[in-house]
Every structure is written in C-alpha cells, then in structure tokens.
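Asks: Encoded as structure tokens, here's the structure I'll be asking about.
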Amino acid sequence: MRNRLIPAWESGLDTIIVIPYDGYFAQRVTRRRLAVSRSTRIDPDSYSRALQLDWDG
C-alpha cells in the first residue's frame with residue numbers, strides 16, 4: 001500500500017473520506033479527495049486499488 005500512497009499524494013490527493021459502506025467502494029471526488037468505504041480502507045489490496053484511481057474531472 002505504501003508504494004501506492006506516495007504516487008497518489010504526488011498526483012494531488014490530500015484527503016481520504018471514509019464513508020460507512022460495506023464492500024468495495026472508491027471514487028475520486030476531486031483531484032484532491034478520494035471517497036472510500038470503510039471496508040475498502042481496512043483491506044490493503046482494496047485500498048491500494050482505490051489509491052490508483054485517476055481524477056477525470
């Protein structure tokens with residue numbers, strides 16, 4: 001996961017919003033913000049996947 005966090009931060013991500021959903025959920029809300037479910041945040045593989053999302057803004 002650490003390997004994914006640095007590129008996400010370098011791309012402008014500075015805020016992770018954890019929402020009370022079950023299962024995988026991840027959506028880049030803005031270039032700086034990523035919303036993830038609680039399940040996604042606590043699972044290293046899912047969180048790494050979420051950190052790779054691009055902002056299509």
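Numbering starts fresh at 1 for the residues of each chain in the structure tokens, the chains themselves are lettered A, B, ... in the order given, and ligands are numbered from 1 as they appear.
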For A:Arg31, work out the shell of residues within 9 Å, counting only C-alpha atoms and skipping chain neighbours fewer than 6 positions away, then give it as a list in words.
Replies: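 Result of the neighbour search: Ser11, Gly12, Leu13, Asp14, Asp54, Trp55, Asp56 and Gly57 of chain A.
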Asks: For the structure I just gave you, how does DSSP split chain A - specifically, which residues are alpha helix (DSSP H)? Reply as a list of chain:residue names.
Replies: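 Those residues are A:Arg2, A:Asn3, A:Arg4, A:Leu5, A:Ile6, A:Pro7, A:Ala8, A:Trp9, A:Glu10, A:Arg38, A:Ser39, A:Thr40, A:Arg41, A:Ile42, A:Pro44, A:Asp45, A:Ser46, A:Tyr47, A:Ser48, A:Arg49, A:Ala50, A:Leu51.
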Asks: So how many Å separate atom CA of A:Ser39 and atom CA of A:Ile19, to one decimal?
Replies: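 If I compute the distance from atom CA of A:Ser39 to atom CA of A:Ile19, I get 9.2 Å.
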Asks: Can you tell me which residues surround A:Leu53 at a distance of at most 12 Å, considering only C-alpha atoms, apart from same-chain residues fewer than 4 positions away, and format the answer as a list of chain:residue names?
Replies: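 These residues fall inside the cut-off: A:Arg4, A:Leu5, A:Pro7, A:Ala8, A:Trp9, A:Ser11, A:Gly12, A:Leu13, A:Phe25, A:Ala26, A:Gln27, A:Arg28, A:Val29, A:Thr30, A:Arg31, A:Arg32, A:Arg33, A:Leu34, A:Ala35, A:Val36, A:Ser46, A:Tyr47, A:Ser48, A:Arg49, A:Gly57.
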Asks: Keeping only N, CA, C and O atoms, write the selected residues as a compact mmCIF listing (two decimals), in the first residue's frame.
Replies:
```txt
# COMPACT_ATOMS: atom_id res chain seq x y z
N ARG A 4 1.68 2.73 -3.24
CA ARG A 4 0.59 3.40 -3.95
C ARG A 4 0.25 4.76 -3.35
O ARG A 4 -0.23 5.64 -4.03
N LEU A 5 0.52 4.93 -2.07
CA LEU A 5 0.17 6.17 -1.39
C LEU A 5 1.01 7.35 -1.88
O LEU A 5 0.48 8.43 -2.11
N PRO A 7 2.57 7.93 -4.90
CA PRO A 7 2.13 8.48 -6.20
C PRO A 7 0.77 9.18 -6.13
O PRO A 7 0.55 10.18 -6.81
N ALA A 8 -0.13 8.65 -5.29
CA ALA A 8 -1.44 9.29 -5.14
C ALA A 8 -1.27 10.69 -4.55
O ALA A 8 -1.88 11.66 -5.00
N TRP A 9 -0.44 10.80 -3.54
CA TRP A 9 -0.16 12.08 -2.92
C TRP A 9 0.51 13.03 -3.91
O TRP A 9 0.15 14.20 -4.01
N SER A 11 0.15 13.06 -7.02
CA SER A 11 -0.81 13.47 -8.06
C SER A 11 -1.82 14.49 -7.53
O SER A 11 -2.68 14.95 -8.27
N GLY A 12 -1.71 14.84 -6.23
CA GLY A 12 -2.57 15.88 -5.68
C GLY A 12 -3.52 15.42 -4.60
O GLY A 12 -4.18 16.23 -3.96
N LEU A 13 -3.62 14.12 -4.37
CA LEU A 13 -4.53 13.61 -3.35
C LEU A 13 -4.05 14.05 -1.97
O LEU A 13 -2.89 13.86 -1.61
N PHE A 25 -15.88 0.20 -2.33
CA PHE A 25 -16.34 1.45 -2.94
C PHE A 25 -15.17 2.41 -2.92
O PHE A 25 -14.51 2.60 -1.90
N ALA A 26 -14.91 3.02 -4.07
CA ALA A 26 -13.89 4.06 -4.16
C ALA A 26 -14.25 4.98 -5.32
O ALA A 26 -14.58 4.51 -6.41
N GLN A 27 -14.19 6.27 -5.06
CA GLN A 27 -14.47 7.25 -6.10
C GLN A 27 -13.66 8.50 -5.83
O GLN A 27 -13.67 9.03 -4.73
N ARG A 28 -12.94 8.94 -6.84
CA ARG A 28 -12.20 10.19 -6.73
C ARG A 28 -13.21 11.31 -6.86
O ARG A 28 -13.83 11.49 -7.91
N VAL A 29 -13.44 12.05 -5.80
CA VAL A 29 -14.44 13.10 -5.77
C VAL A 29 -13.93 14.35 -6.47
O VAL A 29 -14.65 14.99 -7.23
N THR A 30 -12.70 14.71 -6.18
CA THR A 30 -12.00 15.79 -6.86
C THR A 30 -10.56 15.33 -7.04
O THR A 30 -10.20 14.23 -6.61
N ARG A 31 -9.74 16.17 -7.63
CA ARG A 31 -8.33 15.81 -7.79
C ARG A 31 -7.68 15.59 -6.44
O ARG A 31 -6.78 14.76 -6.29
N ARG A 32 -8.16 16.27 -5.41
CA ARG A 32 -7.55 16.21 -4.08
C ARG A 32 -8.23 15.26 -3.11
O ARG A 32 -7.68 14.96 -2.06
N ARG A 33 -9.45 14.78 -3.44
CA ARG A 33 -10.22 13.98 -2.48
C ARG A 33 -10.65 12.64 -3.05
O ARG A 33 -11.13 12.57 -4.18
N LEU A 34 -10.52 11.61 -2.21
CA LEU A 34 -10.92 10.26 -2.56
C LEU A 34 -11.88 9.75 -1.50
O LEU A 34 -11.59 9.83 -0.30
N ALA A 35 -13.05 9.28 -1.93
CA ALA A 35 -14.01 8.67 -1.01
C ALA A 35 -13.88 7.16 -1.11
O ALA A 35 -13.84 6.61 -2.22
N VAL A 36 -13.81 6.50 0.03
CA VAL A 36 -13.72 5.05 0.08
C VAL A 36 -14.64 4.52 1.16
O VAL A 36 -14.94 5.21 2.14
N SER A 46 -7.62 -3.68 -1.48
CA SER A 46 -8.67 -2.79 -1.97
C SER A 46 -8.24 -1.33 -1.87
O SER A 46 -8.50 -0.53 -2.77
N TYR A 47 -7.58 -0.97 -0.78
CA TYR A 47 -7.13 0.40 -0.59
C TYR A 47 -6.08 0.77 -1.63
O TYR A 47 -6.10 1.87 -2.20
N SER A 48 -5.17 -0.14 -1.91
CA SER A 48 -4.17 0.10 -2.96
C SER A 48 -4.84 0.33 -4.30
O SER A 48 -4.45 1.23 -5.05
N ARG A 49 -5.84 -0.48 -4.61
CA ARG A 49 -6.60 -0.32 -5.85
C ARG A 49 -7.27 1.05 -5.90
O ARG A 49 -7.24 1.75 -6.92
N GLY A 57 -12.00 14.64 -13.79
CA GLY A 57 -12.57 15.95 -13.73
C GLY A 57 -12.79 16.62 -14.99
O GLY A 57 -13.33 17.50 -15.39
```
Asks: Based on the backbone DSSP call, show me all residues of chain A assigned strand (DSSP E or B), as a ChimeraX atom specification.
Replies: /A:15-19,26-28,33-37
Asks: Go ahead and save the residues from that selection, with all heavy atoms, as a tab-separated table (two decimals), in the first residue's frame.
Replies:
```tsv
chain	number	residue	atom	x	y	z
A	15	THR	N	-6.79	14.18	0.76
A	15	THR	CA	-7.86	13.86	1.70
A	15	THR	C	-8.50	12.53	1.34
A	15	THR	O	-8.89	12.34	0.18
A	15	THR	CB	-8.94	14.96	1.69
A	15	THR	OG1	-8.32	16.22	1.95
A	15	THR	CG2	-10.02	14.69	2.72
A	16	ILE	N	-8.63	11.65	2.33
A	16	ILE	CA	-9.35	10.39	2.17
A	16	ILE	C	-10.62	10.50	3.01
A	16	ILE	O	-10.54	10.74	4.22
A	16	ILE	CB	-8.53	9.18	2.66
A	16	ILE	CG1	-7.15	9.13	2.00
A	16	ILE	CG2	-9.31	7.88	2.45
A	16	ILE	CD1	-7.16	8.86	0.52
A	17	ILE	N	-11.76	10.34	2.39
A	17	ILE	CA	-13.04	10.40	3.08
A	17	ILE	C	-13.54	8.97	3.23
A	17	ILE	O	-13.76	8.28	2.23
A	17	ILE	CB	-14.07	11.22	2.27
A	17	ILE	CG1	-13.52	12.62	2.01
A	17	ILE	CG2	-15.42	11.26	2.98
A	17	ILE	CD1	-14.20	13.34	0.87
A	18	VAL	N	-13.71	8.51	4.46
A	18	VAL	CA	-14.18	7.15	4.72
A	18	VAL	C	-15.68	7.22	5.00
A	18	VAL	O	-16.12	7.93	5.91
A	18	VAL	CB	-13.43	6.51	5.90
A	18	VAL	CG1	-13.95	5.10	6.16
A	18	VAL	CG2	-11.93	6.48	5.61
A	19	ILE	N	-16.45	6.50	4.20
A	19	ILE	CA	-17.90	6.51	4.33
A	19	ILE	C	-18.39	5.15	4.82
A	19	ILE	O	-17.74	4.14	4.58
A	19	ILE	CB	-18.57	6.92	3.00
A	19	ILE	CG1	-18.08	6.06	1.85
A	19	ILE	CG2	-18.28	8.39	2.69
A	19	ILE	CD1	-18.68	6.39	0.52
A	26	ALA	N	-14.91	3.02	-4.07
A	26	ALA	CA	-13.89	4.06	-4.16
A	26	ALA	C	-14.25	4.98	-5.32
A	26	ALA	O	-14.58	4.51	-6.41
A	26	ALA	CB	-12.52	3.45	-4.38
A	27	GLN	N	-14.19	6.27	-5.06
A	27	GLN	CA	-14.47	7.25	-6.10
A	27	GLN	C	-13.66	8.50	-5.83
A	27	GLN	O	-13.67	9.03	-4.73
A	27	GLN	CB	-15.95	7.60	-6.14
A	27	GLN	CG	-16.31	8.57	-7.23
A	27	GLN	CD	-17.80	8.79	-7.32
A	27	GLN	OE1	-18.59	8.08	-6.72
A	27	GLN	NE2	-18.20	9.78	-8.09
A	28	ARG	N	-12.94	8.94	-6.84
A	28	ARG	CA	-12.20	10.19	-6.73
A	28	ARG	C	-13.21	11.31	-6.86
A	28	ARG	O	-13.83	11.49	-7.91
A	28	ARG	CB	-11.13	10.23	-7.83
A	28	ARG	CG	-10.03	11.21	-7.62
A	28	ARG	CD	-8.96	10.69	-6.67
A	28	ARG	NE	-7.90	11.65	-6.51
A	28	ARG	CZ	-6.65	11.46	-6.92
A	28	ARG	NH1	-6.30	10.33	-7.47
A	28	ARG	NH2	-5.75	12.39	-6.73
A	33	ARG	N	-9.45	14.78	-3.44
A	33	ARG	CA	-10.22	13.98	-2.48
A	33	ARG	C	-10.65	12.64	-3.05
A	33	ARG	O	-11.13	12.57	-4.18
A	33	ARG	CB	-11.44	14.77	-2.04
A	33	ARG	CG	-11.05	15.96	-1.19
A	33	ARG	CD	-12.23	16.82	-0.82
A	33	ARG	NE	-11.82	17.94	0.00
A	33	ARG	CZ	-11.32	19.07	-0.48
A	33	ARG	NH1	-11.19	19.23	-1.78
A	33	ARG	NH2	-10.96	20.05	0.33
A	34	LEU	N	-10.52	11.61	-2.21
A	34	LEU	CA	-10.92	10.26	-2.56
A	34	LEU	C	-11.88	9.75	-1.50
A	34	LEU	O	-11.59	9.83	-0.30
A	34	LEU	CB	-9.68	9.34	-2.61
A	34	LEU	CG	-9.92	7.85	-2.78
A	34	LEU	CD1	-10.49	7.56	-4.17
A	34	LEU	CD2	-8.62	7.08	-2.57
A	35	ALA	N	-13.05	9.28	-1.93
A	35	ALA	CA	-14.01	8.67	-1.01
A	35	ALA	C	-13.88	7.16	-1.11
A	35	ALA	O	-13.84	6.61	-2.22
A	35	ALA	CB	-15.43	9.11	-1.35
A	36	VAL	N	-13.81	6.50	0.03
A	36	VAL	CA	-13.72	5.05	0.08
A	36	VAL	C	-14.64	4.52	1.16
A	36	VAL	O	-14.94	5.21	2.14
A	36	VAL	CB	-12.28	4.54	0.35
A	36	VAL	CG1	-11.34	4.95	-0.75
A	36	VAL	CG2	-11.76	4.99	1.69
A	37	SER	N	-15.10	3.29	0.98
A	37	SER	CA	-15.89	2.65	2.04
A	37	SER	C	-14.96	2.23	3.17
A	37	SER	O	-13.74	2.11	3.00
A	37	SER	CB	-16.61	1.42	1.48
A	37	SER	OG	-15.67	0.42	1.15
```
